[in-house]
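S.K.: Compact mmCIF, C-alpha atoms, saved as run20.txt, coming up:
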```txt
# COMPACT_ATOMS: atom_id res chain seq x y z
CA MET A 1 -25.66 -13.10 -32.72
CA LEU A 2 -22.87 -15.30 -31.45
CA MET A 3 -21.81 -15.46 -27.82
CA HIS A 4 -18.15 -15.74 -27.08
CA VAL A 5 -16.19 -16.11 -23.89
CA ILE A 6 -12.86 -14.33 -24.14
CA HIS A 7 -10.16 -15.21 -21.64
CA MET A 8 -8.25 -12.16 -20.52
CA GLY A 9 -6.23 -12.97 -17.42
CA HIS A 10 -5.34 -9.31 -16.94
CA ASP A 11 -4.16 -8.50 -13.40
CA VAL A 12 -5.20 -4.94 -12.54
CA PHE A 13 -2.63 -4.48 -9.75
CA LYS A 14 0.17 -6.12 -11.78
CA ALA A 15 0.18 -3.15 -14.15
CA ASN A 16 1.07 -0.95 -11.18
CA ASP A 17 3.55 -3.55 -9.82
CA LYS A 18 5.42 -3.56 -13.15
CA LEU A 19 5.71 0.20 -13.17
CA ALA A 20 6.82 0.13 -9.54
CA GLU A 21 9.55 -2.34 -10.47
CA LYS A 22 10.70 0.09 -13.16
CA ASN A 23 10.85 2.90 -10.61
CA ARG A 24 12.77 0.67 -8.19
CA LYS A 25 15.38 -0.18 -10.83
CA ASN A 26 15.68 3.48 -11.81
CA LEU A 27 16.27 4.49 -8.17
CA GLU A 28 18.73 1.66 -7.55
CA LYS A 29 20.69 2.43 -10.69
CA HIS A 30 21.26 5.93 -9.34
CA GLY A 31 22.10 4.68 -5.86
CA VAL A 32 19.08 6.37 -4.31
CA PHE A 33 17.73 4.93 -1.06
CA SER A 34 13.97 5.50 -1.12
CA ILE A 35 11.23 5.20 1.45
CA ASN A 36 7.46 5.19 1.16
CA VAL A 37 6.02 6.81 4.27
CA MET A 38 2.47 5.63 4.77
CA GLY A 39 0.29 6.22 7.77
CA ALA A 40 -2.86 7.55 9.31
CA ILE A 41 -4.06 11.11 8.86
CA GLY A 42 -2.51 13.23 11.59
CA SER A 43 -0.05 10.55 12.68
CA GLY A 44 2.81 13.01 12.19
CA LYS A 45 4.24 11.78 8.88
CA THR A 46 5.11 15.27 7.68
CA THR A 47 6.72 16.24 10.99
CA LEU A 48 8.75 13.02 11.17
CA ILE A 49 9.98 13.64 7.63
CA GLU A 50 10.85 17.26 8.48
CA GLU A 51 12.90 16.10 11.46
CA ALA A 52 14.75 13.55 9.33
CA VAL A 53 15.45 16.13 6.63
CA LYS A 54 16.80 18.61 9.19
CA ALA A 55 19.10 16.00 10.69
CA LEU A 56 20.40 14.52 7.46
CA LYS A 57 20.41 17.30 4.86
CA ASP A 58 23.95 18.50 5.62
CA ARG A 59 25.41 15.04 5.07
CA TYR A 60 23.18 13.63 2.34
CA ARG A 61 21.40 14.94 -0.71
CA ILE A 62 17.68 14.55 -0.05
CA ALA A 63 14.63 14.89 -2.29
CA VAL A 64 10.99 14.61 -1.27
CA ILE A 65 7.83 13.64 -3.12
CA ALA A 66 4.82 14.97 -1.21
CA GLY A 67 1.68 13.08 -2.09
CA ASP A 68 -1.70 14.34 -1.05
CA VAL A 69 -5.08 15.38 -2.38
CA ILE A 70 -3.68 18.91 -2.19
CA ALA A 71 0.04 18.23 -2.08
CA GLU A 72 1.33 21.78 -2.12
CA MET A 73 0.63 22.32 1.60
CA ASP A 74 3.14 19.72 2.75
CA ALA A 75 5.47 20.37 -0.19
CA SER A 76 5.96 23.98 0.90
CA ARG A 77 6.96 22.78 4.39
CA PHE A 78 9.73 20.62 2.89
CA ARG A 79 10.89 23.33 0.48
CA LYS A 80 11.41 25.67 3.42
CA LEU A 81 14.07 23.22 4.59
CA GLY A 82 15.88 23.71 1.29
CA VAL A 83 15.43 20.28 -0.26
CA PRO A 84 14.10 19.64 -3.77
CA THR A 85 10.42 18.76 -3.40
CA VAL A 86 7.88 17.58 -5.93
CA PRO A 87 4.20 17.75 -5.01
CA ALA A 88 2.23 14.79 -6.35
CA ASN A 89 -1.44 15.64 -6.43
CA THR A 90 -3.61 12.57 -6.24
CA GLY A 91 -6.77 14.53 -7.03
CA LYS A 92 -9.59 12.55 -5.51
CA GLU A 93 -7.52 9.40 -5.08
CA CYS A 94 -6.70 8.02 -1.68
CA HIS A 95 -3.15 6.78 -2.41
CA LEU A 96 -0.07 7.38 -4.53
CA ASP A 97 0.57 4.90 -7.32
CA ALA A 98 3.63 3.97 -9.35
CA LYS A 99 2.53 6.17 -12.26
CA LEU A 100 2.39 9.32 -10.12
CA VAL A 101 5.79 8.49 -8.65
CA GLU A 102 7.27 7.84 -12.10
CA LYS A 103 6.10 11.29 -13.16
CA ALA A 104 7.50 12.90 -10.01
CA LEU A 105 10.84 11.10 -10.48
CA SER A 106 11.24 12.73 -13.86
CA GLU A 107 11.38 16.08 -12.05
CA ILE A 108 14.13 15.00 -9.63
CA ASP A 109 17.84 14.91 -10.41
CA LEU A 110 18.47 11.33 -9.25
CA GLU A 111 22.19 11.65 -9.96
CA LYS A 112 22.30 14.20 -7.18
CA THR A 113 20.11 12.34 -4.69
CA ASP A 114 21.09 9.97 -1.87
CA LEU A 115 17.75 9.71 -0.12
CA LEU A 116 14.28 10.01 -1.60
CA ILE A 117 11.41 10.35 0.86
CA ILE A 118 7.93 9.73 -0.54
CA GLU A 119 5.10 10.86 1.70
CA ASN A 120 1.97 8.92 0.84
CA VAL A 121 -1.61 10.09 1.35
CA GLY A 122 -2.82 9.77 4.96
CA ASN A 123 -4.64 6.45 4.84
CA LEU A 124 -4.03 2.99 6.32
CA ILE A 125 -5.99 1.09 3.69
CA CYS A 126 -5.55 2.11 0.08
CA PRO A 127 -1.73 2.58 -0.19
CA VAL A 128 -1.25 -1.11 0.73
CA ASP A 129 -2.15 -2.42 -2.72
CA PHE A 130 -0.06 0.08 -4.67
CA LYS A 131 3.70 -0.40 -4.65
CA LEU A 132 5.70 2.62 -5.71
CA GLY A 133 9.14 1.10 -6.24
CA GLU A 134 10.39 2.15 -2.81
CA GLY A 135 13.33 0.56 -1.03
CA LEU A 136 11.64 0.62 2.39
CA ARG A 137 7.97 0.57 3.35
CA VAL A 138 7.39 2.69 6.44
CA VAL A 139 4.11 2.96 8.37
CA ALA A 140 3.45 5.63 10.98
CA VAL A 141 0.59 5.74 13.45
CA SER A 142 0.16 7.86 16.53
CA VAL A 143 -1.24 6.98 19.93
CA SER A 144 -4.14 9.37 19.38
CA GLU A 145 -5.63 7.03 16.80
CA GLY A 146 -6.43 4.63 19.65
CA ASP A 147 -4.77 1.35 20.54
CA ASP A 148 -7.09 -0.75 18.36
CA ILE A 149 -5.90 1.00 15.18
CA ILE A 150 -3.32 -1.71 14.43
CA LEU A 151 -5.57 -4.77 14.38
CA LYS A 152 -8.21 -2.87 12.42
CA HIS A 153 -5.69 -2.38 9.61
CA PRO A 154 -3.67 -5.61 9.56
CA MET A 155 -2.43 -5.61 5.97
CA ILE A 156 -0.48 -2.36 6.13
CA PHE A 157 1.39 -3.57 9.22
CA LYS A 158 1.87 -7.06 7.83
CA THR A 159 3.59 -5.63 4.75
CA ALA A 160 5.54 -2.85 6.52
CA GLU A 161 9.33 -2.92 6.80
CA LEU A 162 9.54 -0.26 9.50
CA ALA A 163 6.77 0.84 11.86
CA LEU A 164 6.60 4.00 13.96
CA ILE A 165 4.27 4.67 16.86
CA ASN A 166 4.38 8.43 17.16
CA LYS A 167 3.30 11.06 19.70
CA VAL A 168 4.05 8.68 22.58
CA ASP A 169 4.46 11.75 24.83
CA ILE A 170 0.67 12.17 24.89
CA ALA A 171 -0.11 8.45 25.36
CA LYS A 172 -1.35 8.89 28.94
CA ALA A 173 -3.60 11.79 27.99
CA VAL A 174 -5.35 9.66 25.37
CA ASP A 175 -5.38 6.58 27.61
CA VAL A 176 -3.30 4.40 25.32
CA ASP A 177 -0.41 2.08 26.06
CA PRO A 178 2.16 2.29 23.23
CA GLU A 179 3.57 -1.10 24.28
CA THR A 180 0.20 -2.74 23.49
CA MET A 181 0.28 -1.13 20.06
CA LYS A 182 3.83 -2.39 19.54
CA GLN A 183 2.84 -5.95 20.51
CA ASP A 184 -0.10 -5.80 18.09
CA ILE A 185 2.26 -4.84 15.27
CA LEU A 186 4.66 -7.65 16.19
CA SER A 187 1.79 -10.16 16.31
CA LEU A 188 1.11 -9.37 12.66
CA ASN A 189 4.71 -8.93 11.57
CA PRO A 190 7.19 -10.45 14.08
CA THR A 191 10.41 -9.22 12.44
CA VAL A 192 9.54 -5.58 11.69
CA PRO A 193 11.47 -2.93 13.66
CA VAL A 194 9.00 -0.87 15.72
CA LEU A 195 10.06 2.58 16.96
CA LEU A 196 8.30 4.68 19.61
CA THR A 197 8.73 8.33 18.72
CA SER A 198 7.81 11.84 19.79
CA LYS A 199 8.85 15.11 18.23
CA HIS A 200 9.59 16.40 21.75
CA ASP A 201 12.07 13.59 22.44
CA ASN A 202 15.24 13.96 20.42
CA GLU A 203 16.57 10.55 21.45
CA SER A 204 13.48 8.87 19.98
CA LEU A 205 13.84 10.85 16.77
CA LYS A 206 17.43 9.69 16.51
CA THR A 207 16.27 6.05 16.28
CA TRP A 208 14.13 6.98 13.27
CA ILE A 209 16.83 9.04 11.60
CA GLU A 210 19.36 6.25 12.22
CA GLN A 211 17.17 3.81 10.26
CA LEU A 212 17.29 6.12 7.24
CA GLU A 213 21.02 6.68 7.52
CA ASN A 214 21.58 2.91 7.74
CA GLY A 215 19.54 2.48 4.59
CA ILE A 216 21.54 5.08 2.70
CA LYS A 217 24.83 3.56 3.84
CA ALA A 218 23.74 -0.01 3.06
CA LEU A 219 22.82 0.97 -0.47
CA LYS A 220 26.09 2.75 -1.00
CA GLY A 221 27.94 -0.24 0.38
CA LEU A 222 29.64 1.86 3.05
CA GLN A 223 28.39 -0.13 6.00
CA LYS A 224 30.81 -2.50 7.58
CA MET B 1 -12.06 4.47 -1.78
CA HIS B 2 -10.25 3.71 -5.02
CA GLU B 3 -12.87 1.52 -6.66
CA TYR B 4 -13.59 4.27 -9.18
CA SER B 5 -10.09 4.26 -10.68
CA ILE B 6 -9.93 0.47 -10.61
CA ALA B 7 -13.27 0.34 -12.44
CA CYS B 8 -11.83 2.78 -15.02
CA GLU B 9 -8.86 0.45 -15.58
CA ILE B 10 -11.12 -2.61 -15.86
CA LEU B 11 -13.42 -0.88 -18.35
CA ASP B 12 -10.42 0.28 -20.44
CA GLN B 13 -8.97 -3.21 -20.65
CA VAL B 14 -12.32 -4.86 -21.30
CA LEU B 15 -13.24 -2.42 -24.10
CA LYS B 16 -9.83 -2.88 -25.71
CA THR B 17 -10.23 -6.66 -25.77
CA ALA B 18 -13.86 -6.48 -26.91
CA LYS B 19 -12.97 -4.22 -29.84
CA LEU B 20 -10.13 -6.54 -30.82
CA HIS B 21 -12.70 -9.34 -31.11
CA GLU B 22 -15.15 -7.08 -32.95
CA ALA B 23 -17.76 -7.39 -30.23
CA LYS B 24 -21.15 -5.75 -30.65
CA GLU B 25 -21.95 -6.01 -26.98
CA ILE B 26 -20.32 -7.07 -23.73
CA LYS B 27 -22.71 -9.23 -21.72
CA SER B 28 -20.65 -9.85 -18.62
CA VAL B 29 -17.22 -9.45 -17.09
CA THR B 30 -15.85 -12.00 -14.62
CA LEU B 31 -13.28 -10.88 -12.07
CA GLU B 32 -11.25 -12.81 -9.54
CA LEU B 33 -10.69 -10.71 -6.43
CA GLY B 34 -8.37 -11.73 -3.61
CA GLN B 35 -9.93 -11.44 -0.17
CA LEU B 36 -6.90 -9.54 1.07
CA ALA B 37 -7.12 -6.84 -1.62
CA HIS B 38 -8.57 -3.59 -0.33
CA THR B 39 -11.32 -3.47 -2.91
CA ASN B 40 -15.04 -3.69 -2.27
CA PRO B 41 -16.88 -5.78 -4.90
CA ASP B 42 -20.20 -3.96 -4.50
CA GLN B 43 -18.66 -0.52 -4.85
CA LEU B 44 -16.64 -1.78 -7.80
CA ALA B 45 -19.77 -3.08 -9.55
CA PHE B 46 -21.53 0.24 -8.93
CA CYS B 47 -18.64 2.28 -10.38
CA PHE B 48 -18.32 -0.06 -13.35
CA ASP B 49 -22.02 0.20 -14.09
CA VAL B 50 -21.91 4.00 -14.10
CA LEU B 51 -18.73 4.17 -16.19
CA ALA B 52 -19.93 1.64 -18.74
CA LYS B 53 -22.91 3.73 -19.81
CA GLU B 54 -22.97 4.47 -23.55
CA SER B 55 -20.16 2.02 -24.21
CA LEU B 56 -20.09 -1.58 -25.50
CA ALA B 57 -20.20 -2.64 -21.86
CA GLU B 58 -23.39 -0.78 -20.97
CA GLY B 59 -25.55 -3.03 -18.82
CA ALA B 60 -22.85 -5.72 -18.62
CA GLU B 61 -22.95 -7.78 -15.47
CA LEU B 62 -19.82 -7.61 -13.33
CA LYS B 63 -19.34 -11.01 -11.71
CA VAL B 64 -16.83 -11.06 -8.87
CA GLU B 65 -15.41 -14.38 -7.68
CA MET B 66 -13.68 -14.01 -4.33
CA LYS B 67 -10.38 -15.85 -3.92
CA ALA B 68 -9.22 -17.09 -0.53
CA PRO B 69 -5.68 -16.20 0.61
CA THR B 70 -2.80 -18.62 0.27
CA ILE B 71 0.45 -18.57 2.23
CA GLU B 72 4.02 -19.81 2.10
CA CYS B 73 5.84 -20.74 5.29
CA ASP B 74 9.50 -21.36 6.17
CA CYS B 75 8.46 -24.85 7.36
CA GLY B 76 7.72 -25.73 3.74
CA TYR B 77 3.96 -25.37 3.86
CA SER B 78 2.41 -23.77 0.83
CA GLY B 79 -1.35 -23.55 0.36
CA PRO B 80 -4.57 -22.20 1.75
CA VAL B 81 -4.94 -20.65 5.19
CA LYS B 82 -6.95 -22.18 7.97
CA LYS B 83 -10.62 -21.24 7.71
CA PRO B 84 -11.55 -18.78 10.43
CA SER B 85 -13.92 -20.20 12.95
CA ALA B 86 -15.83 -17.88 15.25
CA ALA B 87 -16.49 -20.80 17.59
CA CYS B 88 -12.86 -21.21 18.64
CA ALA B 89 -12.40 -17.53 19.40
CA GLU B 90 -12.26 -16.82 23.10
CA GLU B 91 -14.03 -13.58 22.62
CA LYS B 92 -16.48 -12.43 20.02
CA LEU B 93 -14.00 -10.98 17.59
CA GLN B 94 -15.27 -9.74 14.29
CA SER B 95 -15.19 -12.46 11.68
CA GLU B 96 -13.33 -10.14 9.32
CA LEU B 97 -10.52 -9.68 11.79
CA LEU B 98 -10.34 -13.44 12.28
CA GLU B 99 -10.15 -13.89 8.58
CA TYR B 100 -7.27 -11.46 8.30
CA ILE B 101 -5.31 -12.84 11.20
CA SER B 102 -5.86 -16.47 10.26
CA ALA B 103 -4.49 -15.55 6.87
CA LEU B 104 -1.18 -14.82 8.47
CA ALA B 105 -0.57 -18.02 10.43
CA CYS B 106 0.68 -21.30 8.95
CA PRO B 107 -1.86 -24.10 9.55
CA LYS B 108 1.00 -26.62 9.82
CA CYS B 109 3.40 -24.99 12.30
CA GLY B 110 1.45 -21.92 13.46
CA LYS B 111 4.21 -19.50 12.54
CA ASN B 112 3.62 -16.18 10.85
CA ALA B 113 3.78 -16.95 7.13
CA ARG B 114 4.24 -14.95 3.94
CA ILE B 115 1.19 -14.10 1.89
CA ALA B 116 1.47 -15.87 -1.48
CA GLY B 117 -1.97 -15.16 -2.93
CA GLY B 118 -5.18 -13.36 -2.19
CA ARG B 119 -4.13 -9.80 -2.95
CA GLU B 120 -4.79 -9.88 -6.70
CA LEU B 121 -7.54 -8.51 -8.89
CA LEU B 122 -7.80 -10.40 -12.13
CA ILE B 123 -10.04 -9.80 -15.13
CA LYS B 124 -10.64 -13.45 -15.97
CA THR B 125 -13.09 -13.51 -18.87
CA ILE B 126 -15.60 -11.43 -20.76
CA ASP B 127 -18.75 -12.67 -22.45
CA ILE B 128 -19.33 -10.88 -25.73
CA GLU B 129 -21.77 -10.93 -28.60
CA ILE B 130 -20.30 -10.58 -32.06
```
Let me see the file written as structure tokens.

M.R.:
Amino acid sequence: MLMHVIHMGHDVFKANDKLAEKNRKNLEKHGVFSINVMGAIGSGKTTLIEEAVKALKDRYRIAVIAGDVIAEMDASRFRKLGVPTVPANTGKECHLDAKLVEKALSEIDLEKTDLLIIENVGNLICPVDFKLGEGLRVVAVSVSEGDDIILKHPMIFKTAELALINKVDIAKAVDVDPETMKQDILSLNPTVPVLLTSKHDNESLKTWIEQLENGIKALKGLQK
Amino acid sequence: MHEYSIACEILDQVLKTAKLHEAKEIKSVTLELGQLAHTNPDQLAFCFDVLAKESLAEGAELKVEMKAPTIECDCGYSGPVKKPSAACAEEKLQSELLEYISALACPKCGKNARIAGGRELLIKTIDIEI
């Protein structure tokens, strides 16, 4: 028997990156502004998306990809709002990947879409390593996760392009200072916009919705 | 926990290459894993071992070489991060947290730098018998 060393040099994550790049080009070609909403379980991702859909659906054409172990639960919430929604079941996986998004994109009429919202699986760890082809990486946490949640998950905040600290209306009840959480995010990622939100505070929701509208306008070249 | 699907992908790629070289057996697989990737080498080895049963890679050793992060900074610095040192920490912070945070600061100017390397998972080589 002969022993041989074969050099492979195959990057496991690159395969996903390449597919993500394909998705990104596909979305850009159709002028679709897309966001990947990542975040902790129970941080309010679905609710924040619902609020954005309600506020923007009369002015923009929105589609949603709902990713979860059982995606239909959230998907039905978005469908009730009258926007095209594709559930992306991850099965036993803890994150969406570019392949699942590619498949979901084939079920969406991109010609008739201005904003694509992708809700990732509730998890602050696994989605970090899997790009989807999104235009904006959003991370949501809520005060009820505790104020040490940020530094325990540095990579997701380091690579985020928009961060939301949600449920700030209950911060006192859970003994958390949202400002501390904000400073922790900025210590990891000094230039990322950090929004403090609550579904009971319309003004705070407006700051989140504004970010999405700015993204849509920037992509369409309407912003002055 | 996504080590299972990563192990599936590694096994797929390894078997493809081994068959191409008409291997009778795969003795070992060497990976290079960035310290910033969210993948656990022990869990990965366990999943690989289970998946490889009754294939050319059954019993193959999965060797994982850990790769330290590298950064790029606006000041022009490009290279490794400063090694975390528990001694200089004011409080007893976990060494893992130190490692992560030190990976973000430029050792030259102290600014928050871009991550250039340390997030990858590479199948470097396989040892086969033909």

S.K.: Could you please select, counting all atoms listed in the file, the residues of chain B within 9 Å of chain A and state them as a compact mmCIF listing (two decimals) with C-alpha atoms, keeping the file's coordinate frame?

M.R.:
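For reference, part06.txt as written:
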```txt
# COMPACT_ATOMS: atom_id res chain seq x y z
CA MET B 1 -12.06 4.47 -1.78
CA HIS B 2 -10.25 3.71 -5.02
CA TYR B 4 -13.59 4.27 -9.18
CA SER B 5 -10.09 4.26 -10.68
CA ILE B 6 -9.93 0.47 -10.61
CA GLU B 9 -8.86 0.45 -15.58
CA ILE B 10 -11.12 -2.61 -15.86
CA GLN B 13 -8.97 -3.21 -20.65
CA VAL B 14 -12.32 -4.86 -21.30
CA THR B 17 -10.23 -6.66 -25.77
CA ALA B 18 -13.86 -6.48 -26.91
CA HIS B 21 -12.70 -9.34 -31.11
CA ALA B 23 -17.76 -7.39 -30.23
CA LYS B 24 -21.15 -5.75 -30.65
CA LYS B 27 -22.71 -9.23 -21.72
CA LEU B 36 -6.90 -9.54 1.07
CA ALA B 37 -7.12 -6.84 -1.62
CA HIS B 38 -8.57 -3.59 -0.33
CA THR B 39 -11.32 -3.47 -2.91
CA LEU B 97 -10.52 -9.68 11.79
CA TYR B 100 -7.27 -11.46 8.30
CA ILE B 101 -5.31 -12.84 11.20
CA LEU B 104 -1.18 -14.82 8.47
CA ASN B 112 3.62 -16.18 10.85
CA ARG B 119 -4.13 -9.80 -2.95
CA GLU B 120 -4.79 -9.88 -6.70
CA LEU B 121 -7.54 -8.51 -8.89
CA LEU B 122 -7.80 -10.40 -12.13
CA ILE B 123 -10.04 -9.80 -15.13
CA LYS B 124 -10.64 -13.45 -15.97
CA THR B 125 -13.09 -13.51 -18.87
CA ILE B 126 -15.60 -11.43 -20.76
CA ASP B 127 -18.75 -12.67 -22.45
CA ILE B 128 -19.33 -10.88 -25.73
CA GLU B 129 -21.77 -10.93 -28.60
CA ILE B 130 -20.30 -10.58 -32.06
```

S.K.: Kindly give the distance, in Å, that separates atom CA of B:Ala113 and atom CA of B:Cys73, rounded to a single decimal.

M.R.: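 For atom CA of B:Ala113 relative to atom CA of B:Cys73, the distance reads 4.7 Å.
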
S.K.: Please, which residues in stretch 134-197 of chain A fall within 8 Å of stretch 204-223 of chain A when counting all atoms listed in the file, and what is the closest atom pair and distance in Å to one decimal for each, ordered by chain then residue number, as a tab-separated table?

M.R.:
```
residue	atom	partner	partner_atom	distance
A:Leu195	CA	A:Trp208	CA	7.0
A:Leu196	CA	A:Ser204	CA	6.7
A:Thr197	CA	A:Ser204	CA	4.9
```

S.K.: Would you save the residues of that selection, restricted to C-alpha atoms, as a PDB file, in the coordinates of the input?

M.R.:
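The resulting selection23.pdb:
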```pdb
ATOM      1  CA  LEU A 195      10.060   2.580  16.960  1.00  0.00           C
ATOM      2  CA  LEU A 196       8.300   4.680  19.610  1.00  0.00           C
ATOM      3  CA  THR A 197       8.730   8.330  18.720  1.00  0.00           C
TER       4      THR A 197
END
```

S.K.: Would you list the residues near (9.7, 17.3, 7.9), meaning any protein, DNA or RNA residue with an atom at most 12 Å from that point in file coordinates, counting only C-alpha atoms, as number ranges by chain?

M.R.: A: 37, 44-57, 62-66, 74-83, 85, 117-119, 199, 205, 209

S.K.: May I have the residues from that selection written out with C-alpha atoms, as an mmCIF file, in the coordinates of the input?

M.R.:
```
data_model
loop_
_atom_site.group_PDB
_atom_site.id
_atom_site.type_symbol
_atom_site.label_atom_id
_atom_site.label_comp_id
_atom_site.auth_asym_id
_atom_site.auth_seq_id
_atom_site.Cartn_x
_atom_site.Cartn_y
_atom_site.Cartn_z
ATOM 1 C CA VAL A 37 6.020 6.810 4.270
ATOM 2 C CA GLY A 44 2.810 13.010 12.190
ATOM 3 C CA LYS A 45 4.240 11.780 8.880
ATOM 4 C CA THR A 46 5.110 15.270 7.680
ATOM 5 C CA THR A 47 6.720 16.240 10.990
ATOM 6 C CA LEU A 48 8.750 13.020 11.170
ATOM 7 C CA ILE A 49 9.980 13.640 7.630
ATOM 8 C CA GLU A 50 10.850 17.260 8.480
ATOM 9 C CA GLU A 51 12.900 16.100 11.460
ATOM 10 C CA ALA A 52 14.750 13.550 9.330
ATOM 11 C CA VAL A 53 15.450 16.130 6.630
ATOM 12 C CA LYS A 54 16.800 18.610 9.190
ATOM 13 C CA ALA A 55 19.100 16.000 10.690
ATOM 14 C CA LEU A 56 20.400 14.520 7.460
ATOM 15 C CA LYS A 57 20.410 17.300 4.860
ATOM 16 C CA ILE A 62 17.680 14.550 -0.050
ATOM 17 C CA ALA A 63 14.630 14.890 -2.290
ATOM 18 C CA VAL A 64 10.990 14.610 -1.270
ATOM 19 C CA ILE A 65 7.830 13.640 -3.120
ATOM 20 C CA ALA A 66 4.820 14.970 -1.210
ATOM 21 C CA ASP A 74 3.140 19.720 2.750
ATOM 22 C CA ALA A 75 5.470 20.370 -0.190
ATOM 23 C CA SER A 76 5.960 23.980 0.900
ATOM 24 C CA ARG A 77 6.960 22.780 4.390
ATOM 25 C CA PHE A 78 9.730 20.620 2.890
ATOM 26 C CA ARG A 79 10.890 23.330 0.480
ATOM 27 C CA LYS A 80 11.410 25.670 3.420
ATOM 28 C CA LEU A 81 14.070 23.220 4.590
ATOM 29 C CA GLY A 82 15.880 23.710 1.290
ATOM 30 C CA VAL A 83 15.430 20.280 -0.260
ATOM 31 C CA THR A 85 10.420 18.760 -3.400
ATOM 32 C CA ILE A 117 11.410 10.350 0.860
ATOM 33 C CA ILE A 118 7.930 9.730 -0.540
ATOM 34 C CA GLU A 119 5.100 10.860 1.700
ATOM 35 C CA LYS A 199 8.850 15.110 18.230
ATOM 36 C CA LEU A 205 13.840 10.850 16.770
ATOM 37 C CA ILE A 209 16.830 9.040 11.600
#
```

S.K.: Which residues are near B:Gly117? Cut-off 9 Å, only C-alpha atoms, ignore same chain within fewer than 5 positions. Put them as a count of residues only.

M.R.: 8

S.K.: Using all atoms listed in the file, which protein or nucleic acid residues come within 10 Å of B:Lys111? Drop anything in the same chain fewer than 3 positions from it, and give the result as an MDAnalysis selection string.

M.R.: (chainID A and resid 190) or (chainID B and resid 73:75 104:108 114)

S.K.: Take atom CA of A:Ala98 and atom CA of A:Ser43 and report the distance between them in Å, one decimal.

M.R.: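 According to the coordinates, atom CA of A:Ala98 and atom CA of A:Ser43 are separated by 23.3 Å.
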